[in-house]
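One file, upload-v2.txt, is given below (compact mmCIF, C-alpha atoms).
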# COMPACT_ATOMS: atom_id res chain seq x y z
CA MET A 234 -132.54 174.22 4.72
CA ILE A 235 -130.78 177.20 3.16
CA LYS A 236 -129.11 176.56 -0.19
CA ILE A 237 -126.57 178.79 -1.93
CA ILE A 238 -126.00 178.96 -5.67
CA GLU A 239 -122.65 180.41 -6.72
CA CYS A 240 -122.75 182.21 -10.09
CA PRO A 241 -119.27 182.57 -11.66
CA ARG A 242 -120.95 182.59 -15.09
CA ASP A 243 -122.80 185.76 -14.16
CA ALA A 244 -119.60 187.16 -12.69
CA MET A 245 -117.54 186.53 -15.84
CA GLN A 246 -119.94 187.02 -18.74
CA GLY A 247 -119.78 190.80 -18.98
CA ILE A 248 -116.01 191.13 -18.63
CA LYS A 249 -114.49 192.22 -21.93
CA GLN A 250 -110.97 191.05 -21.13
CA TYR A 251 -110.88 187.34 -22.01
CA ILE A 252 -110.29 184.95 -19.13
CA PRO A 253 -108.36 181.90 -20.41
CA VAL A 254 -109.84 178.41 -20.11
CA ALA A 255 -107.15 177.32 -17.66
CA ASP A 256 -107.94 180.22 -15.33
CA LYS A 257 -111.68 179.56 -15.53
CA VAL A 258 -111.17 175.89 -14.72
CA ARG A 259 -108.86 176.70 -11.83
CA TYR A 260 -111.39 179.13 -10.38
CA LEU A 261 -114.40 176.87 -10.89
CA GLN A 262 -112.55 173.96 -9.33
CA SER A 263 -111.88 176.08 -6.26
CA LEU A 264 -115.60 176.88 -6.03
CA ILE A 265 -116.54 173.22 -6.35
CA GLU A 266 -114.38 172.50 -3.32
CA VAL A 267 -116.38 174.99 -1.24
CA GLY A 268 -119.44 172.75 -1.47
CA PHE A 269 -122.04 175.10 -2.92
CA ASP A 270 -125.36 173.45 -3.69
CA THR A 271 -125.19 174.61 -7.31
CA LEU A 272 -122.55 176.17 -9.53
CA ASP A 273 -123.83 178.32 -12.41
CA CYS A 274 -120.68 178.02 -14.47
CA GLY A 275 -121.25 178.61 -18.17
CA SER A 276 -123.62 179.15 -21.07
CA PHE A 277 -124.41 177.77 -24.49
CA VAL A 278 -125.49 180.96 -26.21
CA ASN A 279 -124.40 182.86 -29.31
CA PRO A 280 -120.67 183.56 -28.82
CA LYS A 281 -121.12 186.93 -30.54
CA ALA A 282 -123.56 187.93 -27.80
CA VAL A 283 -121.44 186.67 -24.89
CA PRO A 284 -117.85 186.10 -26.10
CA GLN A 285 -116.57 185.31 -22.61
CA MET A 286 -118.68 182.14 -22.48
CA ALA A 287 -117.78 180.78 -25.93
CA ASP A 288 -115.43 178.23 -24.35
CA THR A 289 -117.97 176.67 -21.95
CA ALA A 290 -117.68 173.22 -23.57
CA LYS A 291 -113.90 173.19 -23.09
CA VAL A 292 -114.28 174.35 -19.51
CA LEU A 293 -116.82 171.66 -18.65
CA ASP A 294 -114.62 168.96 -20.17
CA SER A 295 -111.80 170.01 -17.83
CA LEU A 296 -113.69 170.00 -14.53
CA ASP A 297 -113.17 167.27 -11.94
CA LEU A 298 -116.49 166.47 -10.27
CA ASP A 299 -115.72 162.98 -8.98
CA LYS A 300 -115.86 163.92 -5.29
CA SER A 301 -118.40 166.72 -5.57
CA GLU A 302 -122.11 166.82 -4.81
CA THR A 303 -122.44 170.31 -6.29
CA GLU A 304 -124.93 170.48 -9.16
CA ILE A 305 -123.70 172.10 -12.38
CA SER A 306 -125.89 174.64 -14.14
CA VAL A 307 -125.52 176.35 -17.53
CA ILE A 308 -127.55 179.01 -19.33
CA VAL A 309 -129.27 178.41 -22.67
CA ALA A 310 -131.38 180.78 -24.75
CA ASN A 311 -132.68 178.55 -27.55
CA VAL A 312 -133.08 174.93 -28.62
CA ARG A 313 -129.77 174.79 -30.44
CA GLY A 314 -127.85 175.73 -27.32
CA SER A 315 -129.88 173.27 -25.28
CA GLN A 316 -129.06 170.45 -27.66
CA GLU A 317 -125.39 171.15 -27.01
CA ALA A 318 -125.80 171.45 -23.25
CA VAL A 319 -127.64 168.15 -22.75
CA LYS A 320 -124.68 166.28 -24.29
CA PHE A 321 -122.66 166.92 -21.14
CA SER A 322 -123.28 164.33 -18.44
CA MET A 323 -121.98 166.64 -15.70
CA VAL A 324 -124.61 169.28 -16.48
CA ASP A 325 -127.57 168.89 -14.13
CA ILE A 326 -129.53 172.09 -14.81
CA LEU A 327 -130.36 174.16 -17.88
CA GLY A 328 -131.27 177.73 -17.00
CA PHE A 329 -133.34 179.92 -19.31
CA PRO A 330 -133.64 183.72 -18.97
CA PHE A 331 -137.36 184.44 -19.23
CA SER A 332 -138.29 188.09 -18.80
CA VAL A 333 -141.62 189.58 -17.81
CA SER A 334 -140.40 192.71 -19.62
CA GLU A 335 -140.98 192.46 -23.38
CA THR A 336 -138.18 194.94 -24.03
CA PHE A 337 -135.64 192.97 -22.05
CA GLN A 338 -136.71 189.62 -23.50
CA TYR A 339 -135.89 190.95 -26.96
CA ARG A 340 -132.71 192.55 -25.72
CA ASN A 341 -131.52 189.41 -23.95
CA THR A 342 -132.67 186.60 -26.28
CA ASN A 343 -133.87 188.34 -29.46
CA ALA A 344 -137.36 186.95 -28.93
CA SER A 345 -140.74 188.09 -27.69
CA ILE A 346 -142.13 186.74 -24.43
CA GLU A 347 -144.46 184.39 -26.33
CA GLU A 348 -141.59 183.18 -28.53
CA ALA A 349 -139.50 182.60 -25.42
CA PHE A 350 -142.32 180.53 -23.91
CA LEU A 351 -142.35 178.30 -27.01
CA ARG A 352 -138.58 177.85 -26.69
CA ILE A 353 -139.02 176.83 -23.09
CA GLU A 354 -141.58 174.20 -24.09
CA ALA A 355 -139.08 172.63 -26.50
CA ILE A 356 -136.16 172.87 -24.06
CA GLN A 357 -138.20 171.31 -21.25
CA ARG A 358 -138.93 168.33 -23.51
CA LEU A 359 -135.18 167.92 -24.06
CA CYS A 360 -134.57 168.13 -20.31
CA VAL A 361 -137.08 165.39 -19.61
CA ILE A 362 -135.55 163.12 -22.26
CA HIS A 363 -132.00 163.68 -20.97
CA ASN A 364 -132.84 163.69 -17.25
CA LYS A 365 -131.94 167.33 -16.68
CA LYS A 366 -133.72 169.95 -14.59
CA MET A 367 -134.84 173.25 -16.06
CA LEU A 368 -134.45 176.47 -14.10
CA ILE A 369 -136.34 179.57 -15.22
CA TYR A 370 -134.77 182.92 -14.43
CA ILE A 371 -137.63 185.41 -14.11
CA SER A 372 -135.67 188.44 -15.36
CA MET A 373 -136.90 191.89 -14.32
CA GLY A 374 -138.85 190.08 -11.60
CA PHE A 375 -139.11 193.23 -9.47
CA GLY A 376 -139.80 195.76 -12.21
CA ASN A 377 -137.93 197.20 -15.17
CA PRO A 378 -136.46 200.54 -16.31
CA TYR A 379 -138.03 200.39 -19.77
CA GLY A 380 -141.59 201.40 -18.92
CA ASP A 381 -143.00 197.95 -19.70
CA PRO A 382 -146.09 197.03 -17.64
CA TRP A 383 -145.20 195.24 -14.41
CA GLU A 384 -146.95 194.10 -11.27
CA PRO A 385 -146.27 191.18 -8.92
CA GLU A 386 -149.27 189.24 -10.22
CA VAL A 387 -147.70 189.16 -13.70
CA VAL A 388 -144.81 187.17 -12.24
CA GLY A 389 -147.25 184.75 -10.63
CA ASP A 390 -149.24 184.32 -13.84
CA TRP A 391 -146.15 183.30 -15.79
CA VAL A 392 -144.91 181.00 -13.04
CA ARG A 393 -148.30 179.27 -13.18
CA LYS A 394 -148.07 178.78 -16.96
CA LEU A 395 -144.51 177.50 -16.72
CA LYS A 396 -145.43 175.13 -13.90
CA GLU A 397 -147.91 173.48 -16.27
CA LEU A 398 -144.91 172.42 -18.38
CA GLY A 399 -143.53 170.49 -15.41
CA ILE A 400 -140.98 173.11 -14.39
CA LYS A 401 -140.41 173.36 -10.64
CA ASP A 402 -137.40 175.66 -10.22
CA PHE A 403 -137.49 179.44 -10.57
CA SER A 404 -134.99 182.21 -9.88
CA ILE A 405 -136.54 185.62 -9.25
CA ALA A 406 -133.97 188.03 -10.64
CA ASP A 407 -133.47 191.65 -9.61
CA THR A 408 -131.77 192.24 -12.96
CA VAL A 409 -130.97 195.95 -12.63
CA GLY A 410 -131.08 196.33 -8.85
CA LEU A 411 -134.55 197.89 -8.60
CA ALA A 412 -135.88 195.67 -5.80
CA ASP A 413 -136.46 197.12 -2.35
CA LYS A 414 -137.43 195.28 0.82
CA GLU A 415 -141.15 195.95 0.32
CA SER A 416 -141.28 194.51 -3.20
CA ILE A 417 -139.08 191.58 -2.18
CA LYS A 418 -141.36 190.72 0.73
CA TYR A 419 -144.44 190.98 -1.47
CA ILE A 420 -143.07 188.80 -4.26
CA PHE A 421 -141.64 186.01 -2.12
CA SER A 422 -144.52 185.93 0.35
CA TYR A 423 -146.93 185.62 -2.58
CA LEU A 424 -144.95 183.02 -4.53
CA THR A 425 -143.99 180.74 -1.64
CA LYS A 426 -147.59 180.62 -0.40
CA GLU A 427 -149.24 180.33 -3.82
CA PHE A 428 -146.83 177.67 -5.12
CA GLU A 429 -145.74 175.58 -2.14
CA ASP A 430 -144.57 172.74 -4.40
CA LEU A 431 -142.12 174.91 -6.35
CA ASN A 432 -138.59 176.10 -5.56
CA PHE A 433 -137.81 179.83 -5.67
CA SER A 434 -134.34 181.35 -5.44
CA ALA A 435 -133.38 185.00 -5.01
CA HIS A 436 -130.96 186.46 -7.53
CA PHE A 437 -130.21 190.00 -6.39
CA HIS A 438 -128.06 192.65 -8.01
CA THR A 439 -127.13 195.13 -5.35
CA SER A 440 -124.91 197.91 -4.02
CA PRO A 441 -122.72 197.77 -0.91
CA ASP A 442 -125.25 199.66 1.21
CA ASN A 443 -128.44 197.65 0.66
CA TRP A 444 -127.45 193.99 0.39
CA ARG A 445 -128.51 193.02 3.91
CA GLU A 446 -132.07 194.31 3.68
CA LYS A 447 -132.58 192.37 0.44
CA ILE A 448 -131.43 189.04 1.90
CA GLU A 449 -133.39 189.62 5.09
CA ALA A 450 -136.61 190.55 3.26
CA ALA A 451 -136.44 187.44 1.06
CA HIS A 452 -135.53 185.09 3.92
CA GLN A 453 -138.26 186.40 6.19
CA SER A 454 -140.74 185.92 3.35
CA GLY A 455 -140.02 182.25 2.81
CA CYS A 456 -137.08 182.17 0.39
CA GLN A 457 -134.63 179.35 1.13
CA ILE A 458 -132.32 179.56 -1.90
CA PHE A 459 -129.95 182.45 -2.56
CA GLU A 460 -127.68 183.20 -5.51
CA GLY A 461 -124.50 185.23 -5.38
CA ALA A 462 -121.07 185.77 -6.86
CA ILE A 463 -117.90 186.04 -4.81
CA LYS A 464 -116.87 189.68 -4.25
CA GLY A 465 -120.01 190.81 -6.09
CA PHE A 466 -118.32 190.51 -9.45
CA GLY A 467 -120.39 190.81 -12.60
CA GLY A 468 -123.95 191.59 -13.49
CA CYS A 469 -126.07 191.41 -16.63
CA PRO A 470 -124.37 192.91 -19.71
CA MET A 471 -127.67 192.96 -21.61
CA ALA A 472 -129.51 195.04 -19.02
CA LYS A 473 -127.69 198.37 -18.99
CA ASP A 474 -124.58 200.00 -20.36
CA GLU A 475 -122.86 199.57 -17.02
CA LEU A 476 -122.89 196.36 -14.98
CA VAL A 477 -124.94 196.20 -11.80
CA GLY A 478 -123.00 194.21 -9.23
CA ASN A 479 -124.11 190.77 -8.10
CA MET A 480 -124.93 189.97 -4.49
CA PRO A 481 -121.57 189.09 -2.88
CA THR A 482 -121.69 185.46 -1.80
CA GLU A 483 -119.64 186.18 1.29
CA ASN A 484 -122.37 188.61 2.39
CA ILE A 485 -125.00 185.88 2.08
CA ILE A 486 -122.81 183.57 4.15
CA GLU A 487 -122.20 186.31 6.74
CA TYR A 488 -125.94 186.92 7.09
CA PHE A 489 -126.78 183.28 7.80
CA HIS A 490 -123.74 182.87 10.04
CA GLU A 491 -125.06 185.73 12.17
CA LYS A 492 -128.41 183.91 12.31
CA ASP A 493 -126.65 180.69 13.42
CA ILE A 494 -128.05 178.88 10.38
CA PRO A 495 -125.64 176.17 9.15
CA LEU A 496 -124.64 176.17 5.49
CA ASN A 497 -122.30 173.16 5.31
CA LEU A 498 -119.63 175.01 3.33
CA SER A 499 -115.86 174.70 3.67
CA ARG A 500 -114.59 177.95 5.14
CA GLN A 501 -111.01 177.13 4.17
CA ALA A 502 -111.97 176.43 0.55
CA LEU A 503 -114.05 179.61 0.47
CA GLU A 504 -111.14 181.74 1.59
CA LYS A 505 -108.98 180.14 -1.08
CA ALA A 506 -111.60 180.85 -3.76
CA ILE A 507 -111.96 184.48 -2.66
CA SER A 508 -108.19 184.94 -2.84
CA LEU A 509 -108.05 183.32 -6.26
CA SER A 510 -110.87 185.53 -7.56
CA LEU A 511 -108.67 188.59 -7.10
CA ASP A 512 -106.20 187.08 -9.56
CA ILE A 513 -108.80 185.85 -12.04
CA PHE A 514 -110.96 188.96 -12.38
CA PRO A 515 -109.41 192.07 -13.92
CA VAL A 516 -111.90 194.49 -12.35
CA GLN A 517 -113.78 194.46 -9.06
CA VAL A 518 -117.36 195.77 -9.42
CA ASN A 519 -118.40 196.06 -5.77
Can you turn what I pasted into structure tokens?
Amino acid sequence: MIKIIECPRDAMQGIKQYIPVADKVRYLQSLIEVGFDTLDCGSFVNPKAVPQMADTAKVLDSLDLDKSETEISVIVANVRGSQEAVKFSMVDILGFPFSVSETFQYRNTNASIEEAFLRIEAIQRLCVIHNKKMLIYISMGFGNPYGDPWEPEVVGDWVRKLKELGIKDFSIADTVGLADKESIKYIFSYLTKEFEDLNFSAHFHTSPDNWREKIEAAHQSGCQIFEGAIKGFGGCPMAKDELVGNMPTENIIEYFHEKDIPLNLSRQALEKAISLSLDIFPVQVN
């Protein structure tokens, strides 16, 4: 069964113009009504690093999830942030950005890869205690622009080490849009066959002319979980000086609609959320 993760956190985090709490709540509530499998909606990280997400606690407190089956996910980058996140009963998933690029790991979390692994060990223990799931974002999963060593087997080696901690959910992130259909097919074919008991999602950053080939390559290679952001807003502010647009969620939905694969999403609620996004976001990336 195909699952779709909507990522308004990724869409908002790099926008310099502050989006008020009330607007964030209104937008997130509209996304909850769509029926996405997961909503990546905030982060507990240093507010100086990501000012837009400094109000995540207030936003979470204002959400109405009584009639929703959508899981709520937040990003953490250290133990302190995780200790805050696990206090919220509505949070189901703690996501950690783990990079196979040493340069980007420092740039994103001010830690080496080995230091990040130790953080993950501690955060996973917290997740087990508080009945949360941990999701590892494999940043720079398809290569990096910094000249750091990379090959597909490196991704697999780290997934294997992280699996030993009891982690079962991984997002393979095309952080700066480097992935092409060949590398996507190689990575997902390898991972889904090597680790049949794990869950792998595709988090693509893309341009308007190559989104379809990325979804198709991942789907044909065994990927069943796809991440996107409505209208392609956002990207990773730590990766480059300019944002690389997210995969537009409506494109993911269009692809699977053409394949006659049901997604169990409310079309009416989706249209409402898309319309609202044009009021919430000051700039359209894609």
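Each of A:Val387, A:Leu431, A:Ala451, A:Leu327 was checked against Lys414 in chain A using all atoms listed in the file; the smallest atom-to-atom distance is that of A:Ala451.
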Show me a table, sorted first by chain and then by increasing residue number, of the residues of range 306-334 of chain A having an atom at most 9 Å from range 290-293 of chain A, each with its shortest atom pair and the distance in Å to one decimal, counting all atoms listed in the file and written as a Markdown table.
| residue | atom | partner | partner_atom | distance |
| --- | --- | --- | --- | --- |
| A:Glu317 | CA | A:Ala290 | CA | 8.7 |
| A:Ala318 | CA | A:Ala290 | CA | 8.3 |
| A:Phe321 | CA | A:Leu293 | CA | 7.9 |
| A:Met323 | CA | A:Leu293 | CA | 7.8 |
| A:Val324 | CA | A:Leu293 | CA | 8.4 |
Test item: residues at most 12 Å from Leu264 in chain A, all atoms listed in the file, excluding those fewer than 3 positions along its chain, as a PyMOL selection string: chain A and resi 237-242+257-261+267-274+296-298+301+303-305+462-463+482+498-510
To one decimal in Å, tell me the separation between CA of Lys320 in chain A and CA of Ser404 in chain A.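 CA of Ser404 in chain A lies 23.8 Å from CA of Lys320 in chain A.
For the pair CA of Ser263 in chain A and CA of Gln457 in chain A, the separation is 24.1 Å.
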Residues within 12 Å of Glu386 in chain A, only C-alpha atoms, excluding chain neighbours under 4 positions, as a list in words: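 Listing them by chain and then by number gives Val333, Gly374, Phe375, Gly376, Pro382, Asp390, Trp391, Val392, Arg393, Ser416, Tyr419, Ile420, Phe421, Tyr423, Leu424 and Glu427 of chain A.
Note that CA of Ser454 in chain A and CA of Ile494 in chain A are 16.1 Å apart.
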Looking at A:Trp383, A:Phe459, A:Phe331, A:Phe466, which one is nearest to His436 in chain A, with distances taken over all atoms listed in the file? A:Phe459
Quick one: of A:Thr336, A:Lys365, A:Leu411, A:Gln357, who's nearest to Asp381 in chain A, counting only C-alpha atoms? A:Thr336
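Candidate residues A:Gly314, A:Pro515, A:Gly328, A:Gly275 were compared for distance to Ile400 in chain A, and the nearest is A:Gly328, using all atoms listed in the file.
Summary of the local environment: counting only C-alpha atoms, residues at most 8 Å from Asn432 in chain A, other than itself and those fewer than 3 positions away along its chain, are Lys401, Asp402, Phe403 and Glu429 of chain A.
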Padding 3 Å on every side, please: axis-aligned box over the listed atoms of range 271-287 of chain A, centre and edge lengths to one decimal in Å, as lines of an AutoDock Vina configuration file.
center_x = -121.0
center_y = 181.3
center_z = -18.9
size_x = 14.9
size_y = 19.3
size_z = 29.2
